[in-house]
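Here's the structure, in structure tokens; my notes come after.
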Amino acid sequence: MDNWDEIRTAFQVARMGTVSGAAEVLGVHHATVIRHIDAIEGRLGVKLFQRHARGYTPTEAGQDLLRVAQATEDQFNQLSGRLKGQGDEVKGELVVTSLASLSPLLVPALAEFQASHPGLIVRFLTGERLFRLEYGEAHVAIRAGSAPDQPDNVVQRFAELPIAMYASKGYIAEHGRPEVGDFARHHFVGADDPDSRAPYAKWLQAHVPPEAVTFRCNSGEATHEAILAGAGIGFMAVWEAARHPGLVQVMPPQDDWTGALWLVTHVDLHRTNKVQSFLRHLKERSQEWCK
């Protein structure tokens with residue numbers, strides 16, 4: 001019983017009662033139906049149908065096949081409905097990836113979304129490497145910097161995060177508040193990578209002498225901690241600085257310092273209700289981040 005085409009053909013003959021009726025339902029030639037019936041009866045060594053002028057009548061063995069095949073078809077139809085419906089339900093896993101430094105923004109939004117959909121399991125994966133959406137490693141990626149250009153992905157500009165220059169109150173108390181043109185005598189926290197593409201890093205290179213960048217870091221988290229510790233003046237997103245009352249804004253946000261965030265989804269999953277529901281939720285929450 002390893003040829004499903006033959007079983008399906010026999011089921012339709014038993015259901016319809018004629019070769020021509022089964023052929024029409026299956027979309028095949030009537031000769032194919034007859035060949036399938038002869039083959040399955042030959043393999044089983046039992047007659048499934050009585051042939052007569054009005055058509056085919058199932059034998060006792062044929063009736064058994066009809067009952068089992070009907071149950072099997074019903075199960076396949078239910079499975080098909082469940083599989084199609086999975087794309088419309090907000091349940092199962094939602095895998096989101098982003099930079100760890102964005103966790104204070106994203107985790108509350110993720111927690112709120114999960115609470116609204118009890119059947120959902122959220123997996124929030126952070127790291128510097130790009131998770132491959134085309135391999136199913138994530139449903140949604142939130143990426144910073146220049147626009148992602150991987151093929152088969154849907155990319156949406158998501159948010160513009162204002163970035164300003166900050167120093168700790170302790171640093172201001174010891175060194176004073178810097179003025180534009182007076183940067184050379186101050187200490188700055190900057191990127192360890194001289195080729196950093198961050199717009200504020202390029203601004204720092206253009207306006208501050210290299211010897212004044214006395215504390216260098218290779219991650220956003222370390223940079224923030226250095227600024228908080230009073231190691232120097234540095235850049236921080238306004239939303240992040242607002243979480244730390246011990247900081248003083250040295251220079252307000254500049255247009256060319258702004259950090260862009262991008263929503264990235266794979267084209268195959270972009271239109272599913274789960275992904276679209278999460279994207280809508282995230283966009284609503286992001287309105288307060290950019291103030």
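Every chain in the structure tokens takes a letter, A first, then B, and so on in the order presented; its residues are numbered from 1, and the ligands are numbered from 1 following the presented order.
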Practice problem: Check the DSSP output for the backbone and give back, as a ChimeraX atom specification, the residues of stretch 119-290 of chain A in alpha helix (DSSP H). | Solution: /A:169-175,199-207,220-228,238-241,273-286
Selection above as a file: C-alpha atoms, as an mmCIF file, in the first residue's frame:
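Written output follows (out_15.cif):
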data_model
loop_
_atom_site.group_PDB
_atom_site.id
_atom_site.type_symbol
_atom_site.label_atom_id
_atom_site.label_comp_id
_atom_site.auth_asym_id
_atom_site.auth_seq_id
_atom_site.Cartn_x
_atom_site.Cartn_y
_atom_site.Cartn_z
ATOM 1 C CA LYS A 169 27.939 65.446 36.304
ATOM 2 C CA GLY A 170 31.189 64.299 37.877
ATOM 3 C CA TYR A 171 33.124 65.081 34.695
ATOM 4 C CA ILE A 172 31.526 68.546 34.445
ATOM 5 C CA ALA A 173 32.368 69.248 38.082
ATOM 6 C CA GLU A 174 36.033 68.354 37.514
ATOM 7 C CA HIS A 175 36.674 69.691 34.011
ATOM 8 C CA PRO A 199 27.898 59.549 11.618
ATOM 9 C CA TYR A 200 28.770 60.916 15.071
ATOM 10 C CA ALA A 201 32.115 59.051 14.998
ATOM 11 C CA LYS A 202 32.970 60.804 11.743
ATOM 12 C CA TRP A 203 31.985 64.133 13.309
ATOM 13 C CA LEU A 204 34.253 63.439 16.281
ATOM 14 C CA GLN A 205 37.198 62.739 13.967
ATOM 15 C CA ALA A 206 36.587 66.008 12.128
ATOM 16 C CA HIS A 207 36.187 68.269 15.197
ATOM 17 C CA GLY A 220 27.978 50.842 22.412
ATOM 18 C CA GLU A 221 27.436 49.416 25.878
ATOM 19 C CA ALA A 222 31.065 50.029 26.892
ATOM 20 C CA THR A 223 30.921 53.563 25.487
ATOM 21 C CA HIS A 224 27.855 54.351 27.573
ATOM 22 C CA GLU A 225 29.451 52.961 30.728
ATOM 23 C CA ALA A 226 32.609 55.026 30.128
ATOM 24 C CA ILE A 227 30.574 58.219 29.781
ATOM 25 C CA LEU A 228 28.611 57.393 32.937
ATOM 26 C CA VAL A 238 18.579 60.708 23.781
ATOM 27 C CA TRP A 239 16.301 57.859 24.904
ATOM 28 C CA GLU A 240 19.244 56.096 26.554
ATOM 29 C CA ALA A 241 20.573 59.223 28.262
ATOM 30 C CA ASN A 273 -0.433 37.970 10.219
ATOM 31 C CA LYS A 274 2.048 37.200 13.010
ATOM 32 C CA VAL A 275 4.784 39.321 11.455
ATOM 33 C CA GLN A 276 2.443 42.108 10.364
ATOM 34 C CA SER A 277 0.823 42.261 13.824
ATOM 35 C CA PHE A 278 4.212 42.593 15.474
ATOM 36 C CA LEU A 279 5.391 45.238 13.004
ATOM 37 C CA ARG A 280 2.278 47.322 13.658
ATOM 38 C CA HIS A 281 2.801 47.028 17.405
ATOM 39 C CA LEU A 282 6.463 47.991 17.135
ATOM 40 C CA LYS A 283 5.726 51.019 14.967
ATOM 41 C CA GLU A 284 3.138 52.239 17.478
ATOM 42 C CA ARG A 285 5.566 51.872 20.374
ATOM 43 C CA SER A 286 8.382 53.583 18.464
#
Self-check item: Which of stretch 78-277 of chain A fall in strand (DSSP E), as a VMD selection string
Solution: chain A and resid 92 to 98 120 to 126 140 to 144 153 to 161 163 to 168 188 to 191 213 to 217 234 to 237 247 to 251 259 to 266
Quiz item: Out of A:Cys217, A:Leu261, A:Leu26, A:Ala164, which residue has the shortest atom-to-atom distance to A:Met236 when counting only C-alpha atoms?
Solution: A:Ala164
Quiz item: So which residues touch A:Asp192 within 9 Å, counting only C-alpha atoms, skipping near sequence neighbours fewer than 3 positions away, as number ranges by chain?
Solution: A: 195-196, 215-219
Self-check item: Distance in Å - atom CA of A:Ala231 versus atom CA of A:Phe188
Solution: 7.4 Å
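A straight line drawn from atom CA of A:Val107 to atom CA of A:Asp268 is 25.2 Å long.
The smallest atom-to-atom distance between A:Arg35 and any of A:Thr72, A:Thr265, A:Thr9, A:Thr126, using only C-alpha atoms, is found for A:Thr9.
Among the candidates A:Asp38, A:Glu93, A:Asp256, A:Tyr56, the one nearest to A:Arg15 when counting only C-alpha atoms is A:Tyr56.
Using only C-alpha atoms for every distance, the candidate list A:Met16, A:Ala23, A:Leu106, A:Ile37 yields A:Met16 as the residue closest to A:Arg54.
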Practice problem: Would you mind reading off the distance between atom CA of A:Phe124 and atom CA of A:Leu99, one decimal, in Å? | Solution: 10.1 Å
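In this comparison, which uses only C-alpha atoms, the residue of A:Glu134, A:Asn3, A:Trp262, A:Leu269 approaching A:Pro148 most closely is A:Trp262.
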Self-check item: Selection: 9 Å around A:Gln12, only C-alpha atoms, excl. self and same-chain fewer than 4 positions, as a list in words
Solution: Ile7, Arg8, Met16, Gly17, Thr18, Val19, Gly21, Ala22, Ala23, Val25, Leu26 and Leu66 of chain A
Quiz item: Within 10 Å of A:Glu211, counting only C-alpha atoms, which residues qualify if same-chain residues fewer than 6 places away don't, as a ChimeraX atom specification?
Solution: /A:184-188
Kindly export the residues of the current selection with N, CA, C and O atoms, as a tab-separated table (two decimals), in the first residue's frame.
chain	number	residue	atom	x	y	z
A	184	ALA	N	39.76	70.71	22.56
A	184	ALA	CA	41.11	70.15	22.64
A	184	ALA	C	41.55	69.91	24.08
A	184	ALA	O	42.36	69.00	24.35
A	185	ARG	N	41.05	70.69	25.00
A	185	ARG	CA	41.49	70.53	26.40
A	185	ARG	C	40.61	69.56	27.19
A	185	ARG	O	40.83	69.37	28.39
A	186	HIS	N	39.67	68.95	26.53
A	186	HIS	CA	38.78	68.01	27.21
A	186	HIS	C	39.09	66.57	26.82
A	186	HIS	O	39.88	66.30	25.91
A	187	HIS	N	38.45	65.65	27.52
A	187	HIS	CA	38.61	64.21	27.26
A	187	HIS	C	37.34	63.69	26.61
A	187	HIS	O	36.23	64.06	27.02
A	188	PHE	N	37.51	62.80	25.64
A	188	PHE	CA	36.37	62.25	24.93
A	188	PHE	C	36.41	60.72	24.93
A	188	PHE	O	37.49	60.10	24.98
